[in-house]
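Notes follow the structure.
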Amino acid sequence: MIQCSLKNLFTRSLNAGGSCRSARLNYIVSGVEANENDPGAAMLQEVRSAAPQELDGAELSRVTLIRSHGGGVYEVQAEYEQSSPERSSRKKIGDRLWTFDTTGGKENVIHGKLLKKETSPVSGFLPDPGSLINWNGKNDDRFFAGGTPKIVPSMRENCIAVFRESDVTAKFRRNIMELTGCLNAAPFHSWEPGEVLFLGASSSVPFRNDQGVKITEITFRFAIRRNRESLEVGGVPMGPAGGWDIPWSITMPHLDDFKPITVGAYLSSIYEKGDFSALKL
């Protein structure tokens, strides 16, 4: 019968956080029959089963046969290494790192302020577009106003948050999924209700920090558009509007001069609001 015992011979090093960075434990294995086909495999498997899988944050990385003492007695070394990369080792549970980008967003606008108009000397006829942009001059069922892209104030923010691996539960992941595509119902990270759109999140592979704790980084992504105190659509005052509300209008020709005029202005919403406190940021 194979017997395995820990020898009073080991090495160990600590990192700056005081947890185990690497270690070696030596085991004496005896009772190996000389006529076994592969005694080495049996000894290594015995030590692999007997040695702790983790030593103060360092994980068992390999077992090595290092010496034969004769008479069926062998010495096997179990080696431990900390798996966390150096760049991340100092991170700890509760860390929150926010970054932002304000390159601006785009939206297609149909209405604008007309600055100048000139007729062609050939036609002598000058249709009046009113406030429309890129209107095709038709007032019947062929009416079309293409508008133009406009840079609008917007921001992207990311938050890299560090969690204990065991706290990233199925319920927490489900909350993240269900809040994706929602607006903040309450003030969030200095922004007013309805200004922040949650775009989703992604996680890193779990790793151990220099304190030996297994942690996971989750990157949360948000898009921000400021609420507006007053909004005008095609010359029609709409009052306050949310940053992610969608303004649109209906244009028809005026009865007297067939000039396109806005006969109806509207404000729509396509996003639900949610409780962002469930993101634990």
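Chains: A, B, ... in order of the structure tokens. Residues: from 1 per chain. Ligands: from 1, in order shown.
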Exercise for review: Write out as a ChimeraX atom specification the residues lying within 6 Å of range 69-85 of chain A, counting only C-alpha atoms and excluding same-chain residues fewer than 4 positions away.
Suggested key: /A:21-30,32,58-65,89,207-209
Check your understanding: Residues at most 12 Å from range 183-198 of chain A, counting only C-alpha atoms, excluding those fewer than 2 positions away in the same chain, as a PyMOL selection string?
Key -> chain A and resi 96+98+153-159+175-181+200-201+219-228+241-245+269-281
Any chance you could export the current selection's C-alpha atoms as an mmCIF file, in the first residue's frame?
data_model
loop_
_atom_site.group_PDB
_atom_site.id
_atom_site.type_symbol
_atom_site.label_atom_id
_atom_site.label_comp_id
_atom_site.auth_asym_id
_atom_site.auth_seq_id
_atom_site.Cartn_x
_atom_site.Cartn_y
_atom_site.Cartn_z
ATOM 1 C CA ARG A 96 -13.969 51.356 -9.128
ATOM 2 C CA TRP A 98 -14.229 55.338 -14.259
ATOM 3 C CA PRO A 153 -23.462 66.468 -27.064
ATOM 4 C CA SER A 154 -23.020 62.947 -25.732
ATOM 5 C CA MET A 155 -20.620 60.972 -23.602
ATOM 6 C CA ARG A 156 -19.505 57.389 -23.116
ATOM 7 C CA GLU A 157 -18.437 56.248 -19.660
ATOM 8 C CA ASN A 158 -16.908 52.942 -18.597
ATOM 9 C CA CYS A 159 -16.534 51.647 -15.063
ATOM 10 C CA ASN A 175 -29.710 41.821 -13.134
ATOM 11 C CA ILE A 176 -26.963 43.084 -15.445
ATOM 12 C CA MET A 177 -28.623 41.452 -18.446
ATOM 13 C CA GLU A 178 -32.101 42.789 -17.637
ATOM 14 C CA LEU A 179 -30.840 46.361 -17.112
ATOM 15 C CA THR A 180 -28.991 46.405 -20.449
ATOM 16 C CA GLY A 181 -30.782 48.874 -22.722
ATOM 17 C CA GLY A 200 -23.999 46.269 -21.067
ATOM 18 C CA ALA A 201 -20.995 44.745 -19.306
ATOM 19 C CA THR A 219 -16.379 46.544 -17.199
ATOM 20 C CA PHE A 220 -19.716 48.411 -17.307
ATOM 21 C CA ARG A 221 -20.446 50.631 -20.344
ATOM 22 C CA PHE A 222 -22.787 53.636 -20.413
ATOM 23 C CA ALA A 223 -23.881 56.304 -22.906
ATOM 24 C CA ILE A 224 -25.032 59.714 -21.640
ATOM 25 C CA ARG A 225 -27.167 62.421 -23.194
ATOM 26 C CA ARG A 226 -28.249 65.442 -21.193
ATOM 27 C CA ASN A 227 -31.905 66.172 -20.574
ATOM 28 C CA ARG A 228 -33.203 69.339 -22.226
ATOM 29 C CA ALA A 241 -37.465 66.527 -22.964
ATOM 30 C CA GLY A 242 -35.289 63.616 -21.876
ATOM 31 C CA GLY A 243 -31.864 63.194 -23.405
ATOM 32 C CA TRP A 244 -32.910 59.921 -25.054
ATOM 33 C CA ASP A 245 -36.428 61.008 -26.050
ATOM 34 C CA SER A 269 -39.611 57.161 -25.853
ATOM 35 C CA ILE A 270 -38.297 53.679 -26.682
ATOM 36 C CA TYR A 271 -36.277 52.866 -23.534
ATOM 37 C CA GLU A 272 -37.555 51.544 -20.207
ATOM 38 C CA LYS A 273 -36.165 52.883 -16.929
ATOM 39 C CA GLY A 274 -34.474 50.680 -14.356
ATOM 40 C CA ASP A 275 -32.882 50.666 -10.900
ATOM 41 C CA PHE A 276 -29.135 50.981 -11.502
ATOM 42 C CA SER A 277 -28.351 50.311 -7.829
ATOM 43 C CA ALA A 278 -28.619 46.620 -8.788
ATOM 44 C CA LEU A 279 -25.319 47.061 -10.667
ATOM 45 C CA LYS A 280 -23.556 47.538 -7.297
ATOM 46 C CA LEU A 281 -21.462 50.485 -8.456
#
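By only C-alpha atoms, and with residues fewer than 5 positions from range 251-253 of chain A along its chain excluded, the set lying at most 9 Å from it is Leu132, Asn139, Asp140, Gly234, Phe258, Lys259, Pro260, Ile261, Thr262, Val263 and Gly264 of chain A.
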I need the residues from that last selection saved to file as a compact mmCIF listing (two decimals), in the first residue's frame (with all heavy atoms), if you can.
# COMPACT_ATOMS: atom_id res chain seq x y z
N LEU A 132 -37.37 72.80 -43.41
CA LEU A 132 -36.91 71.47 -43.83
C LEU A 132 -35.50 71.50 -44.41
O LEU A 132 -35.08 72.49 -45.02
CB LEU A 132 -37.86 70.88 -44.88
CG LEU A 132 -39.26 70.52 -44.41
CD1 LEU A 132 -40.09 70.02 -45.58
CD2 LEU A 132 -39.20 69.45 -43.32
N ASN A 139 -44.78 67.84 -52.61
CA ASN A 139 -45.76 67.96 -51.54
C ASN A 139 -46.83 66.87 -51.59
O ASN A 139 -47.74 66.86 -50.79
CB ASN A 139 -46.45 69.33 -51.60
CG ASN A 139 -45.59 70.42 -50.98
OD1 ASN A 139 -45.04 70.24 -49.89
ND2 ASN A 139 -45.43 71.54 -51.68
N ASP A 140 -46.69 65.95 -52.53
CA ASP A 140 -47.66 64.87 -52.65
C ASP A 140 -47.10 63.61 -52.00
O ASP A 140 -46.28 63.69 -51.10
CB ASP A 140 -48.01 64.64 -54.12
CG ASP A 140 -46.75 64.49 -54.98
OD1 ASP A 140 -45.70 64.16 -54.41
OD2 ASP A 140 -46.84 64.69 -56.20
N GLY A 234 -39.39 71.76 -35.43
CA GLY A 234 -40.03 72.40 -36.58
C GLY A 234 -40.76 73.69 -36.23
O GLY A 234 -41.81 73.99 -36.81
N PHE A 258 -48.50 76.56 -50.45
CA PHE A 258 -47.93 75.21 -50.54
C PHE A 258 -46.55 75.10 -49.88
O PHE A 258 -45.82 74.15 -50.13
CB PHE A 258 -47.84 74.74 -52.00
CG PHE A 258 -49.18 74.61 -52.65
CD1 PHE A 258 -49.65 75.60 -53.50
CD2 PHE A 258 -49.98 73.51 -52.38
CE1 PHE A 258 -50.90 75.49 -54.08
CE2 PHE A 258 -51.24 73.39 -52.97
CZ PHE A 258 -51.70 74.38 -53.83
N LYS A 259 -46.20 76.07 -49.07
CA LYS A 259 -44.95 76.00 -48.33
C LYS A 259 -45.06 74.91 -47.26
O LYS A 259 -46.06 74.85 -46.53
CB LYS A 259 -44.66 77.35 -47.67
CG LYS A 259 -43.47 77.35 -46.73
CD LYS A 259 -43.32 78.71 -46.07
CE LYS A 259 -42.20 78.72 -45.04
NZ LYS A 259 -42.08 80.06 -44.40
N PRO A 260 -44.07 74.01 -47.15
CA PRO A 260 -44.14 72.96 -46.13
C PRO A 260 -44.14 73.57 -44.72
O PRO A 260 -43.30 74.39 -44.39
CB PRO A 260 -42.87 72.13 -46.35
CG PRO A 260 -42.45 72.45 -47.75
CD PRO A 260 -42.86 73.87 -47.98
N ILE A 261 -45.09 73.17 -43.92
CA ILE A 261 -45.16 73.63 -42.54
C ILE A 261 -45.35 72.42 -41.62
O ILE A 261 -45.87 71.38 -42.02
CB ILE A 261 -46.32 74.64 -42.32
CG1 ILE A 261 -47.66 73.97 -42.67
CG2 ILE A 261 -46.10 75.90 -43.12
CD1 ILE A 261 -48.84 74.81 -42.28
N THR A 262 -44.88 72.57 -40.40
CA THR A 262 -45.05 71.51 -39.40
C THR A 262 -46.46 71.60 -38.84
O THR A 262 -46.85 72.60 -38.25
CB THR A 262 -44.02 71.68 -38.27
OG1 THR A 262 -42.69 71.63 -38.81
CG2 THR A 262 -44.17 70.59 -37.24
N VAL A 263 -47.22 70.55 -39.04
CA VAL A 263 -48.60 70.52 -38.54
C VAL A 263 -48.72 69.71 -37.25
O VAL A 263 -49.73 69.78 -36.57
CB VAL A 263 -49.55 69.95 -39.60
CG1 VAL A 263 -49.59 70.87 -40.81
CG2 VAL A 263 -49.16 68.54 -40.00
N GLY A 264 -47.69 68.94 -36.94
CA GLY A 264 -47.72 68.17 -35.70
C GLY A 264 -46.31 67.86 -35.24
O GLY A 264 -45.46 67.48 -36.05
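Here CA of Ile93 in chain A is placed at a distance of 12.3 Å from CA of Pro206 in chain A.
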Check your understanding: Among range 41-252 of chain A, which residues carry a DSSP assignment of strand (DSSP E), reported as a PyMOL selection string?
Key -> chain A and resi 54-55+58-70+73-81+96-101+105-109+148-152+155-164+183-184+196-203+207-208+214-224+228-233+236-241+246-252
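Straight-line separation from CA of Lys116 in chain A to CA of Ser230 in chain A: 26.4 Å.
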Practice item. If you run DSSP over the backbone, which residues in range 9-205 of chain A end up helix (DSSP H, G or I)? Put them as a ChimeraX atom specification. Key: /A:39-50,86-88,165-167,170-179
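Take CA of Ile2 in chain A and CA of Asp56 in chain A: the distance between them is 27.9 Å.
The list of residues with at least one atom within 10 Å of Val152 in chain A, based on only C-alpha atoms and without residues fewer than 4 positions apart in the same chain, reads Thr103, Gly104, Gly105, Lys106, Glu107, Asn108 and Arg225 of chain A.
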Review point. From the set A:Ile250, A:Ile215, A:Ile151, A:Val205, which residue has the shortest atom-to-atom contact distance to Val236 in chain A, counting only C-alpha atoms?
Key: A:Ile250
Exercise for review: Name the residues in contact with Lys113 in chain A at a cut-off of 12 Å, using only C-alpha atoms, excluding same-chain residues fewer than 2 positions from it; report them as number ranges by chain.
Suggested key: A: 109-111, 115-117, 129-133, 232-235
